[in-house]
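Below: the structure, in structure tokens.
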Amino acid sequence: MNQPSFREKARYYFENTMSAGPSGVIKWLAIFSLFMVLILGLLILVFGIKSSPEPDAENLGFIEGAWQSLMATLDSGTMGGDEGWAFRAVRFIATLGGIFLISILIGTISSGIDEKLDELKKGRSRVLESNHTLILGWSEKVFSIISEIIEANENQKKPSIVILADRDKGEMEDEIRSKIEDFRNTKLIVRSGSPLESTNIALVNPNEARSIIVLAGTEDNADTYVIKSVLALTNGKNRKESPYAIVAEIKDPKNMEAAELVGNDETVFVMSSDLISRITAQTCRQSGLSIVYSELLQFDGDEIYFQEEPKLFGKKYKDSLLAYEKSSVIGLFTKDGSALINPPMDTVINKGDKIIAISEDDDTVVLSGKTSFDVDEKLFSRAELKAASVEKTLILGWNARGIRIIEELDNYVAKGSEVLIVADVVEIEEDIAELQSKLEKQKIQLQKGNINDKATLVGLKPEIFDHIILLSYTDIDTQESDAKTLICLLHLRNLSEKAGKDFSIVSEMLDIRNRDLGVVAKADDFIVSDNLISLMLSQLSENQDLKKVYDVLFQAEGSEVYLKPVSNYVKAGQPVNFYTVMESAAQLNESAIGYRISSLNADSDQHFGVNINPDKSKKLTFSENDFIIVLAED
């Protein structure tokens with residue numbers, strides 16, 4: 001191979017130094033300036049140029065000539081008093097060169113500043129915050145999560161939320177601020193970078209984060225990204241020795257085993273699709289249940305807390321139910337880490353056990369000190385239990401959660417129940433046939449049809465169904481999907497009025513902002529899937545032990561939340577305090593935690609009539625249509 005020529009070497013060196021950015025340009029400008037000044041100084045010396053045309057003026061030496069040239073290069077105004085055309089010519093050349101060099105220098109510095117500002121806008125600097133909530137990834141859930149954490153941070157000192165996602169930093173900040181106006185005392189920091197890479201994760205200081213939330217995106221293989229992000233955290237080279245507090249979202253149950261392998265017992269995984277399917281199945285059979293769940297999961301209002309109470313050690317669970325005025329007890333968190341929700345009333349509270357209670361704040365979970373509760377047993381009432389009967393469920397629309405919803409319904413309905421699916425999707429026949437082979441109590445029928453076509457809905461005779469579930473189409477735009485849902489709801493409302501019968505409707509909604517529009521259509525419940533998942537992720541980021549509580553509440557086995565007629569507990573039309581309701585429920589091995597006033601079920605300002613953890617001493621007069629919210633096994 002031929003040796004490179006001097007010209008090639010010089011060009012190679014020049015390209016390398018220029019690629020260094022503004023510093024390389026400034027370096028060459030300095031070299032060119034020095035070279036020009038030295039050449040002009042040499043010209044002055046060689047030609048004996050004087051600074052004045054006077055006969056007795058001395059010739060300028062090399063150093064003085066170079067200095068005069070340098071001054072003309074830096075400041076063109078210095079040549080205004082020059083005399084002698086030879087001296088003026090040299091200084092004029094120096095001035096022209098100076099203008100050229102200074103222009104390039106200013107442009108280079110300006111370009112360098114712009115590049116630095118652009119780099120800062122990209123969010124690549126290291127986060128110095130500590131005790132912050134760290135969110136990895138991006139989805140529509142991020143807005144609800146931020147709102148909930150802001151609410152939870154109100155009593156914190158200098159709280160902060162840090163977000164790392166593979167999106168433009170400016171776009172993320174603009175989108176967040178367009179949907180969340182008030183950050184209160186919480187500082188928001190956004191960084192741009194892939195949460196899959198350890199180097200990017202290191203920028204957001206995970207070792208000093210109070211909690212970490214990993215979101216699943218909208219990609220088909222979103223779970224893979226979540227698992228990789230968790231792996232980058234738990235097996236990072238520079239990870240801290242103490243365990244992380246990680247909460248991560250998984251969409252497909254098939255990926256749960258792999259996720260738990262990388263979680264290292266320091267990650268709580270929320271199976272989002274399964275959770276929403278369970279809530280939908282439970283809610284379609286109990287009007288108002290989704291509102292109860294939303295109330296329990298929100299930081300605004302009453303939440304679930306764990307509190308150790310030594311004064312209750314040795315006493316029975318039933319004794320704890322009436323021991324609190326401003327809190328509602330729902331179970332025990334044992335010293336071995338088990339969550340007992342609505343345990344048997346004679347369960348003994350041992351040393352190290354914690355009370356699980358719904359309360360406004362952790363500092364309001366305090367014993368009332370009362371010994372008399374004004375319980376009036378004469379107001380107790382017991383409604384006649386109805387025998388289980390077959391049920392007919394109509395599912396309008398379809399998405400991947402439909403199969404899991406039907407599977408969950410099979411845990412509740414009587415044998416011989418029916419499900420009719422009406423949707424305009426294709427190629428689900430095989431999935432439905434496989435599902436039918438697994439069901440024990442329900443028979444499925446599939447009918448292709450447009451749920452926005454009123455004639456199709458009329459032909460279905462919705463009045464003959466016990467429950468109607470309206471599912472969102474997740475394969476189209478969110479707003480378009482919600483628009484389809486709203487149109488279908490309006491048709492159902494019209495058919496309900498004509499039939500003179502209230503339909504039991506549970507509707508899925510993708511955007512919580514469309515919920516208020518849906519209220520007009522008088523659906524019994526709205527399942528805003530992303531919002532519910534966001535609420536749960538936010539709660540678990542504050543207390544991972546809540547996962548054990550949720551696992552019990554949202555499954556068919558064990559105690560769940562029920563809304564039961566008030567006549568099951570107390571007489572309607574009679575003033576009664578909630579202590580009386582609680583005692584009546586306790587005698588049925590149930591824990592009463594609130595009530596729903598049916599006359600307010602369309603009033604969003606009154607939480608649709610739902611009141612969780614009410615004032616125990618205040619007397620109320622229930623109507624026959626009202627409900628008591630309890631934790632019970634059936």
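Following the order of the structure tokens, first chain is A, next is B, and so on, with residues numbered from 1 inside each chain and ligands from 1 in the order they appear.
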Contact residues around A:Phe333 with only C-alpha atoms at 10 Å, ignoring same-chain residues under 2 positions, as a PDB file with C-alpha atoms, in the first residue's frame:
ATOM      1  CA  PHE A 306     -51.795  -0.688  57.300  1.00  0.00           C
ATOM      2  CA  GLN A 307     -51.574   0.203  60.985  1.00  0.00           C
ATOM      3  CA  GLU A 308     -50.294  -1.772  63.970  1.00  0.00           C
ATOM      4  CA  GLY A 331     -58.934  -7.086  57.307  1.00  0.00           C
ATOM      5  CA  LYS A 335     -46.790 -10.671  60.820  1.00  0.00           C
ATOM      6  CA  ASP A 336     -45.876 -13.380  58.289  1.00  0.00           C
ATOM      7  CA  GLY A 337     -46.955 -11.084  55.408  1.00  0.00           C
ATOM      8  CA  SER A 338     -50.406 -12.518  54.599  1.00  0.00           C
ATOM      9  CA  ALA A 339     -53.405 -10.327  53.825  1.00  0.00           C
ATOM     10  CA  LEU A 340     -56.619 -11.612  55.439  1.00  0.00           C
ATOM     11  CA  ILE A 341     -59.541  -9.706  53.956  1.00  0.00           C
ATOM     12  CA  ILE A 349     -55.343 -10.216  66.392  1.00  0.00           C
ATOM     13  CA  GLY A 352     -47.159  -8.012  65.018  1.00  0.00           C
ATOM     14  CA  ASP A 353     -50.418  -8.096  63.042  1.00  0.00           C
ATOM     15  CA  LYS A 354     -51.557  -4.885  61.387  1.00  0.00           C
ATOM     16  CA  ILE A 355     -55.052  -3.550  60.882  1.00  0.00           C
ATOM     17  CA  ILE A 356     -55.962  -3.021  57.205  1.00  0.00           C
ATOM     18  CA  ASP A 545     -47.920  -4.807  50.278  1.00  0.00           C
ATOM     19  CA  LEU A 546     -51.212  -3.543  48.825  1.00  0.00           C
ATOM     20  CA  LYS A 548     -51.692  -8.838  48.419  1.00  0.00           C
ATOM     21  CA  VAL A 549     -54.882  -6.974  49.306  1.00  0.00           C
TER      22      VAL A 549
END
- [ ] With a distance cut-off of 10 Å and only C-alpha atoms, select the neighbouring residues of A:Leu101, excluding the residue or stretch itself and same-chain residues fewer than 2 positions from it, and output the selection as a count of residues only.
- [x] 17
At a cut-off of 7 Å, using only C-alpha atoms, what residues contact stretch 478-483 of chain A? Leave out same-chain residues fewer than 5 positions from it and give the result as a PDB file with C-alpha atoms, in the first residue's frame.
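In the end it all went to result.pdb:
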ATOM      1  CA  SER A 472     -64.066  -1.050  23.246  1.00  0.00           C
ATOM      2  CA  TYR A 473     -62.377  -1.779  19.946  1.00  0.00           C
ATOM      3  CA  MET A 509     -64.083   3.470  27.968  1.00  0.00           C
ATOM      4  CA  LEU A 510     -60.521   4.119  26.807  1.00  0.00           C
TER       5      LEU A 510
END
Can you list, as a compact mmCIF listing (two decimals) with C-alpha atoms, in the first residue's frame, every protein, DNA or RNA residue that comes within 7 Å of A:Glu633 when you count only C-alpha atoms, leaving out same-chain residues fewer than 3 positions away?
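out.txt, written as the output of this step:
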# COMPACT_ATOMS: atom_id res chain seq x y z
CA GLY A 558 -62.33 -15.39 49.14
CA SER A 559 -63.98 -12.12 50.11
CA GLU A 560 -64.83 -9.49 47.52
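Residues lying within 10 Å of A:Phe373, counting only C-alpha atoms and ignoring same-chain neighbours fewer than 6 positions away, are Leu322, Ala323, Glu325, Asn577, Phe578, Tyr579, Thr580, Glu583, Lys616 and Ser617 of chain A.
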Determine, using only C-alpha atoms, which residues of stretch 526-552 of chain A have any atom at most 8 Å from an atom of stretch 256-279 of chain A, and tabulate each with its shortest atom pair and distance in Å to one decimal place, rows ordered by chain and then rising number, as a Markdown table.
| residue | atom | partner | partner_atom | distance |
| --- | --- | --- | --- | --- |
| A:Ile527 | CA | A:Ile276 | CA | 7.8 |
| A:Ser529 | CA | A:Ile276 | CA | 6.1 |
| A:Leu532 | CA | A:Ile276 | CA | 7.9 |
| A:Ile533 | CA | A:Ser272 | CA | 6.3 |
| A:Leu537 | CA | A:Val270 | CA | 7.5 |
| A:Leu540 | CA | A:Val268 | CA | 8.0 |
| A:Gln544 | CA | A:Val268 | CA | 6.8 |
| A:Lys547 | CA | A:Val268 | CA | 7.5 |
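For A:Ser359, the non-local neighbours within 10 Å, defined as residues at least 3 positions apart in the same chain or in other chains and counting only C-alpha atoms, are Leu296, Gly301, Asp302, Glu303, Ile304, Tyr305, Phe306, Tyr324, Glu325, Lys326, Ser327, Ser328, Val329, Ile356, Asp362, Asp363, Thr364, Val365, Val366, Ile612, Asn613 and Pro614 of chain A.
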- [ ] From a DSSP pass on the backbone, collect the residues of stretch 420-611 of chain A flagged as strand (DSSP E) and hand them back as an MDAnalysis selection string.
- [x] chainID A and resid 420:423 442:448 467:470 505:509 525:528 560:565 575:577 591:596 610:611
